[in-house]
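S.K.: Contents are mmCIF, C-alpha atoms; file name work21.cif:
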```
data_my_file
loop_
_atom_site.label_atom_id
_atom_site.label_comp_id
_atom_site.auth_asym_id
_atom_site.auth_seq_id
_atom_site.Cartn_x
_atom_site.Cartn_y
_atom_site.Cartn_z
CA MET A 3 105.16 80.88 70.02
CA GLU A 4 104.84 84.05 67.92
CA PRO A 5 107.92 86.24 67.41
CA CYS A 6 108.07 89.16 69.83
CA ASN A 7 107.71 91.83 67.16
CA GLU A 8 104.57 90.17 65.75
CA LEU A 9 103.08 89.84 69.21
CA ASN A 10 103.83 93.48 69.99
CA ASN A 11 102.10 94.55 66.79
CA LYS A 12 98.89 93.04 68.15
CA LEU A 13 99.05 95.09 71.34
CA THR A 14 97.55 98.54 71.62
CA HIS A 15 99.34 100.76 74.08
CA LYS A 16 97.64 103.91 75.27
CA LYS A 17 100.09 106.76 75.81
CA TYR A 18 99.90 108.40 79.23
CA ASN A 19 102.52 111.13 78.75
CA ILE A 20 104.59 109.83 81.65
CA ARG A 21 107.02 112.74 81.25
CA LEU A 22 104.39 114.88 82.96
CA LYS A 23 105.79 113.46 86.20
CA ASP A 24 108.86 115.65 85.73
CA VAL A 25 106.77 118.70 84.85
CA VAL A 26 104.60 118.26 87.97
CA LYS A 27 107.71 117.68 90.08
CA SER A 28 109.22 121.00 88.98
CA PHE A 29 105.86 122.76 89.34
CA THR A 30 105.47 121.45 92.89
CA LYS A 31 108.96 122.54 93.93
CA ASP A 32 108.45 126.00 92.43
CA LEU A 33 105.10 126.38 94.20
CA PHE A 34 106.78 125.67 97.53
CA TYR A 35 109.55 128.19 96.81
CA TYR A 36 107.03 130.80 95.71
CA LEU A 37 105.10 130.59 98.99
CA PHE A 38 108.18 131.70 100.92
CA ASP A 39 109.95 133.89 98.37
CA ALA A 40 107.27 135.36 96.14
CA HIS A 41 108.03 137.15 92.87
CA ASP A 42 105.43 138.27 90.35
CA ASP A 43 107.30 136.89 87.35
CA GLU A 44 107.46 133.47 89.04
CA LEU A 45 103.70 133.51 89.54
CA LYS A 46 103.17 134.00 85.82
CA CYS A 47 105.46 131.05 85.08
CA LEU A 48 103.59 128.90 87.60
CA GLU A 49 100.29 129.77 85.98
CA LYS A 50 101.62 128.94 82.52
CA THR A 51 102.95 125.58 83.72
CA PHE A 52 99.73 124.72 85.53
CA LEU A 53 97.62 125.49 82.46
CA LYS A 54 99.93 123.30 80.37
CA ILE A 55 99.49 120.42 82.82
CA ALA A 56 95.74 121.01 83.01
CA ASP A 57 95.49 120.97 79.22
CA ASN A 58 97.22 117.57 79.13
CA PHE A 59 94.58 116.25 81.54
CA LYS A 60 91.82 117.89 79.52
CA ILE A 61 90.74 120.12 82.42
CA GLU A 62 88.46 122.53 80.57
CA ASN A 63 88.18 125.17 83.31
CA GLY A 64 91.93 125.42 83.97
CA ASP A 65 91.93 129.23 84.24
CA GLU A 66 89.15 129.15 86.83
CA VAL A 67 90.86 126.40 88.81
CA TRP A 68 94.14 128.31 88.82
CA ASN A 69 92.50 131.55 89.97
CA THR A 70 90.78 129.77 92.85
CA PHE A 71 94.01 127.95 93.73
CA GLN A 72 96.08 131.13 93.59
CA GLY A 73 93.56 132.84 95.88
CA LYS A 74 94.38 130.24 98.57
CA PHE A 75 98.13 130.91 98.66
CA GLN A 76 97.97 133.45 101.48
CA SER A 77 95.87 131.23 103.73
CA ILE A 78 98.12 128.23 102.94
CA ARG A 79 101.16 130.27 103.95
CA GLU A 80 99.47 131.32 107.19
CA LYS A 81 98.69 127.69 108.04
CA LEU A 82 102.26 126.66 107.25
CA ASP A 83 103.64 129.34 109.53
CA LEU A 84 101.53 127.87 112.34
CA ASP A 85 102.87 124.41 111.48
CA ALA A 86 106.43 125.74 111.60
CA VAL A 87 105.90 127.34 115.01
CA ALA A 88 104.50 124.03 116.29
CA VAL A 89 107.76 122.31 115.29
CA VAL A 90 109.94 124.85 117.09
CA ASN A 91 107.75 124.79 120.20
CA PHE A 92 107.75 120.99 120.51
CA ASP A 93 110.96 119.63 119.02
CA PRO A 94 114.09 120.14 121.19
CA ALA A 95 116.31 119.28 118.22
CA THR A 96 114.99 122.22 116.16
CA LYS A 97 116.58 125.53 117.07
CA SER A 98 114.88 128.06 114.78
CA LEU A 99 112.10 128.71 112.30
CA GLU A 100 114.73 128.98 109.57
CA GLU A 101 115.75 125.39 110.31
CA VAL A 102 112.15 124.26 109.92
CA TYR A 103 111.69 125.94 106.54
CA LEU A 104 115.03 124.77 105.16
CA ALA A 105 115.72 121.39 106.74
CA CYS A 106 112.61 119.71 108.16
CA PRO A 107 111.22 116.89 105.96
CA GLY A 108 107.96 116.75 107.92
CA PHE A 109 107.33 120.42 107.24
CA TYR A 110 108.07 119.94 103.54
CA ALA A 111 105.58 117.07 103.35
CA ILE A 112 102.93 119.12 105.15
CA SER A 113 103.57 122.06 102.81
CA ILE A 114 103.00 120.02 99.68
CA TYR A 115 99.96 118.40 101.31
CA ARG A 116 98.39 121.80 102.00
CA LEU A 117 98.98 122.86 98.39
CA SER A 118 97.75 119.63 96.83
CA HIS A 119 94.71 119.54 99.13
CA GLU A 120 93.43 122.82 97.68
CA LEU A 121 93.45 121.29 94.21
CA TYR A 122 91.86 118.09 95.53
CA VAL A 123 88.89 119.97 96.97
CA GLN A 124 88.35 121.49 93.52
CA ASN A 125 88.07 117.94 92.15
CA VAL A 126 91.17 118.39 90.00
CA PRO A 127 92.09 114.91 88.69
CA ILE A 128 95.49 113.24 89.17
CA ILE A 129 97.59 116.40 89.73
CA PRO A 130 97.14 116.45 93.55
CA ARG A 131 98.19 112.79 93.75
CA MET A 132 101.22 113.45 91.58
CA MET A 133 102.23 116.27 93.91
CA SER A 134 101.82 114.12 97.01
CA GLU A 135 103.71 111.22 95.45
CA TYR A 136 106.60 113.52 94.55
CA VAL A 137 107.04 114.60 98.18
CA HIS A 138 106.41 111.03 99.36
CA GLY A 139 109.43 109.94 97.34
CA ILE A 140 111.55 112.72 98.82
CA THR A 141 110.55 112.39 102.49
CA GLY A 142 109.04 108.91 102.92
CA ILE A 143 105.87 110.61 104.24
CA ASP A 144 102.63 109.62 102.47
CA ILE A 145 99.81 112.10 103.07
CA HIS A 146 96.88 111.70 100.72
CA PRO A 147 95.74 115.12 99.42
CA GLY A 148 92.17 114.25 100.37
CA ALA A 149 92.93 114.12 104.10
CA THR A 150 91.59 116.97 106.24
CA ILE A 151 94.25 118.45 108.54
CA GLY A 152 93.78 121.34 110.98
CA ASP A 153 96.16 123.97 112.30
CA SER A 154 99.56 123.53 113.98
CA PHE A 155 100.25 120.04 112.67
CA PHE A 156 103.64 118.57 113.59
CA VAL A 157 105.34 115.56 112.02
CA ASP A 158 108.51 114.49 113.85
CA HIS A 159 111.08 112.55 111.79
CA GLY A 160 108.22 111.35 109.61
CA THR A 161 109.66 108.45 107.62
CA GLY A 162 107.02 105.78 107.02
CA ILE A 163 103.98 107.87 107.98
CA VAL A 164 100.80 107.02 106.04
CA ILE A 165 97.71 109.23 106.27
CA GLY A 166 94.75 107.96 104.25
CA GLU A 167 92.38 109.91 102.04
CA THR A 168 89.45 110.28 104.44
CA SER A 169 91.49 110.89 107.60
CA ILE A 170 90.46 113.89 109.69
CA ILE A 171 93.16 115.43 111.86
CA LYS A 172 92.15 118.39 113.98
CA ASN A 173 94.31 121.06 115.65
CA ASN A 174 97.62 120.77 117.51
CA VAL A 175 98.21 117.11 116.60
CA LYS A 176 101.70 115.59 116.72
CA ILE A 177 102.63 112.42 114.82
CA PHE A 178 105.91 110.52 114.88
CA GLN A 179 107.57 108.24 112.32
CA GLY A 180 105.92 105.05 111.14
CA VAL A 181 102.37 106.04 112.14
CA THR A 182 99.55 104.71 109.95
CA LEU A 183 96.08 106.24 109.79
CA GLY A 184 94.53 103.63 107.54
CA GLY A 185 91.46 101.68 106.53
CA ILE A 186 90.52 98.44 108.18
CA GLN A 187 89.41 97.02 104.82
CA VAL A 188 90.59 97.65 101.26
CA LYS A 189 87.60 97.33 98.95
CA LYS A 190 86.75 99.37 95.86
CA SER A 191 83.11 99.36 96.99
CA LEU A 192 84.13 101.54 99.97
CA GLU A 193 85.45 104.31 97.71
CA SER A 194 82.79 106.84 98.73
CA THR A 195 82.78 106.05 102.46
CA LYS A 196 84.91 107.37 105.32
CA ARG A 197 87.57 104.70 105.68
CA HIS A 198 90.18 106.37 107.88
CA PRO A 199 90.27 107.62 111.49
CA THR A 200 89.45 110.96 113.07
CA ILE A 201 92.07 112.46 115.39
CA GLU A 202 90.74 115.13 117.74
CA ASP A 203 92.58 118.20 119.10
CA ASN A 204 95.86 118.00 121.02
CA VAL A 205 96.56 114.32 120.35
CA THR A 206 100.11 112.93 120.23
CA ILE A 207 100.73 109.67 118.35
CA TYR A 208 104.12 108.05 118.90
CA ALA A 209 106.22 105.96 116.53
CA ASN A 210 104.79 103.00 114.61
CA ALA A 211 101.27 103.27 116.03
CA THR A 212 98.60 101.92 113.67
CA ILE A 213 95.06 103.30 113.82
CA LEU A 214 92.53 101.75 111.45
CA GLY A 215 88.91 102.36 110.53
CA GLY A 216 86.61 105.14 109.40
CA ASP A 217 84.48 105.02 112.55
CA ILE A 218 87.50 105.35 114.86
CA VAL A 219 87.86 108.56 116.86
CA ILE A 220 90.90 109.31 119.01
CA GLY A 221 89.59 111.63 121.70
CA ALA A 222 91.06 115.06 122.42
CA ASN A 223 94.14 115.41 124.61
CA SER A 224 95.00 111.72 124.30
CA THR A 225 98.45 110.19 123.94
CA ILE A 226 98.88 107.10 121.78
CA GLY A 227 102.05 105.22 122.67
CA ALA A 228 104.49 103.58 120.29
CA ASN A 229 103.67 100.33 118.48
CA VAL A 230 100.00 100.13 119.44
CA TRP A 231 97.34 98.71 117.10
CA ILE A 232 93.97 100.47 117.45
CA THR A 233 90.68 99.46 115.82
CA GLU A 234 88.26 101.00 118.32
CA SER A 235 87.68 104.55 119.46
CA VAL A 236 89.65 106.04 122.35
CA PRO A 237 88.00 108.41 124.86
CA GLU A 238 89.44 111.88 125.36
CA ASN A 239 92.27 112.33 127.88
CA SER A 240 93.40 108.72 127.41
CA LEU A 241 96.87 107.19 127.49
CA VAL A 242 97.16 104.11 125.27
CA THR A 243 100.31 101.98 125.57
CA TYR A 244 101.60 98.63 124.43
CA GLN A 245 103.65 96.73 126.97
CA THR A 246 106.07 93.92 126.33
CA GLU A 247 108.61 92.35 128.63
CA ILE A 248 112.21 93.26 127.91
CA LYS A 249 114.91 91.28 129.72
CA ILE A 250 118.45 92.53 130.17
CA ARG A 251 120.94 90.03 131.52
CA PRO A 252 124.66 89.28 131.23
CA LYS A 253 125.77 87.34 128.17
CA LYS A 254 127.03 83.80 128.69
CA ASN A 255 130.57 82.96 127.71
CA GLY A 256 130.92 82.36 123.98
CA ILE A 257 127.82 84.36 123.00
CA ARG A 258 128.61 87.36 120.81
#
```
Give the structure from this file in structure tokens form.
M.R.:
Amino acid sequence: MEPCNELNNKLTHKKYNIRLKDVVKSFTKDLFYYLFDAHDDELKCLEKTFLKIADNFKIENGDEVWNTFQGKFQSIREKLDLDAVAVVNFDPATKSLEEVYLACPGFYAISIYRLSHELYVQNVPIIPRMMSEYVHGITGIDIHPGATIGDSFFVDHGTGIVIGETSIIKNNVKIFQGVTLGGIQVKKSLESTKRHPTIEDNVTIYANATILGGDIVIGANSTIGANVWITESVPENSLVTYQTEIKIRPKKNGIR
């Protein structure tokens, strides 16, 4: 066996500038803060940081991308305000809008999704995924920046939620912890196809439901109960539940 140092000398390691993860993390946090507490000097710093990141990824039209992205901030904020109102209107544990903005992990995940999505639709490489993975690590909520999500979206608790790249979620949808909107197959050849479900207006999906497949549509005004596994479309105004028998009986002596 060759000595380790000689073996290492034969290997060629491409450098990926992994430290950019920290730069994107700070950039993402500052973007979120800027949306709700805007200052002109902060905007200039955000632009400078973005152009630095873009340069590392060899994005030649960084200035144009930033200008387009910056032009979306007002509409992103308006959508987020609708999301925040949806939380207050639905969640009995949330007492105020201030609580949503400061202490709701689902809202934070949605906020970063809405920001990263605007870069995704400009075909910006890697940066949107880095943003979504940062908030995934913080909240446990995995929303791919390529997903399409409408107005007044509410994530309750949120831990363990997975929303795939080609998911379409329309307006006034509520999703609880552990929900997966995924693909029924994982194949590289399906990269350019719709692999994830469509959720129509006013749907509620309860904890740990799994909905798989690009052709699947959950019809408007439906309720998807906890723990269900769905691989076929659901008509509008449906109630889908999973039933199992639960027995409650006295313990026998000696059983702890």
S.K.: Find the residues near Gly64 of chain A: any atom within 12 Å, counting all atoms listed in the file, skip ones fewer than 2 places away on the same chain, and give them as JSON, numbers by chain.
M.R.: {"A": [49, 50, 51, 52, 53, 54, 55, 56, 57, 58, 59, 60, 61, 62, 66, 67, 68, 69, 70, 71, 72, 121, 124, 125, 126, 127]}
S.K.: With all atoms listed in the file as the counted atoms, please give the residues lying no more than 12 Å from Val188 of chain A, apart from itself and same-chain residues fewer than 2 positions off, as a list in words.
M.R.: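 The neighbour list is Gly166, Gly184, Gly185, Ile186, Lys190, Ser191, Leu192, Glu193, Thr195, Lys196, Arg197, His198, Leu214, Gly215 and Gly216 of chain A.
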S.K.: Selection in question (the file shown): the PyMOL selection byres ((chain A and resi 86) around 10). Which residues does it include, as a short mmCIF file (atom, residue, chain, number, x, y, z; two decimals) with C-alpha atoms, in the coordinates of the input?
M.R.:
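Result file part03.cif:
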```
data_model
loop_
_atom_site.label_atom_id
_atom_site.label_comp_id
_atom_site.auth_asym_id
_atom_site.auth_seq_id
_atom_site.Cartn_x
_atom_site.Cartn_y
_atom_site.Cartn_z
CA GLU A 80 99.47 131.32 107.19
CA LYS A 81 98.69 127.69 108.04
CA LEU A 82 102.26 126.66 107.25
CA ASP A 83 103.64 129.34 109.53
CA LEU A 84 101.53 127.87 112.34
CA ASP A 85 102.87 124.41 111.48
CA VAL A 87 105.90 127.34 115.01
CA ALA A 88 104.50 124.03 116.29
CA VAL A 89 107.76 122.31 115.29
CA VAL A 90 109.94 124.85 117.09
CA ASN A 91 107.75 124.79 120.20
CA SER A 98 114.88 128.06 114.78
CA LEU A 99 112.10 128.71 112.30
CA GLU A 100 114.73 128.98 109.57
CA GLU A 101 115.75 125.39 110.31
CA VAL A 102 112.15 124.26 109.92
CA TYR A 103 111.69 125.94 106.54
CA CYS A 106 112.61 119.71 108.16
CA GLY A 108 107.96 116.75 107.92
CA PHE A 109 107.33 120.42 107.24
CA ILE A 112 102.93 119.12 105.15
CA SER A 113 103.57 122.06 102.81
CA SER A 154 99.56 123.53 113.98
CA PHE A 155 100.25 120.04 112.67
CA PHE A 156 103.64 118.57 113.59
#
```
S.K.: For the file shown, what are the residues hit by the PyMOL selection byres ((chain A and resi 171) around 7), laid out as a count of residues only?
M.R.: 10
S.K.: So which residues get picked by the PyMOL selection byres ((chain A and resi 222) around 12) here, written as a VMD selection string?
M.R.: chain A and resid 171 to 175 200 to 207 219 to 221 223 to 226 235 to 241
S.K.: What is the distance between atom CA of Glu135 of chain A and atom CA of Asp158 of chain A, in Å to one decimal?
M.R.: 19.3 Å
S.K.: Can you measure atom CA of Phe29 of chain A to atom CA of Gln179 of chain A for me? One decimal in Å is fine.
M.R.: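 For atom CA of Phe29 of chain A relative to atom CA of Gln179 of chain A, the distance reads 27.2 Å.
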S.K.: Atom CA of Gly162 of chain A and atom CA of Thr141 of chain A are how many Å apart?
M.R.: 8.8 Å
S.K.: Pick out the closest residue to Val137 of chain A from this set: A:Thr243, A:Thr168, A:Asn210, A:Ser118. Count all atoms listed in the file.
M.R.: A:Ser118
S.K.: Looking at A:His159, A:His146, A:His138, A:Arg131, which one is nearest to Thr96 of chain A, with distances taken over only C-alpha atoms?
M.R.: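 The closest residue to Thr96 of chain A is A:His159.
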S.K.: Go through A:Ser28, A:Thr161, A:Thr182, A:Asn255 one by one, measure the shortest atom-to-atom distance of each to Asn229 of chain A using all atoms listed in the file, and give the residue with the smallest value.
M.R.: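 Using all atoms listed in the file, Asn229 of chain A sits closest to A:Thr182.
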S.K.: Env of His119 of chain A: 7 Å cut, atoms = only C-alpha atoms, seq-sep filter 3 positions within chain, self excluded. Answer as a list in words.
M.R.: Tyr115, Arg116, Tyr122, Val123, Pro130, Pro147 and Gly148 of chain A
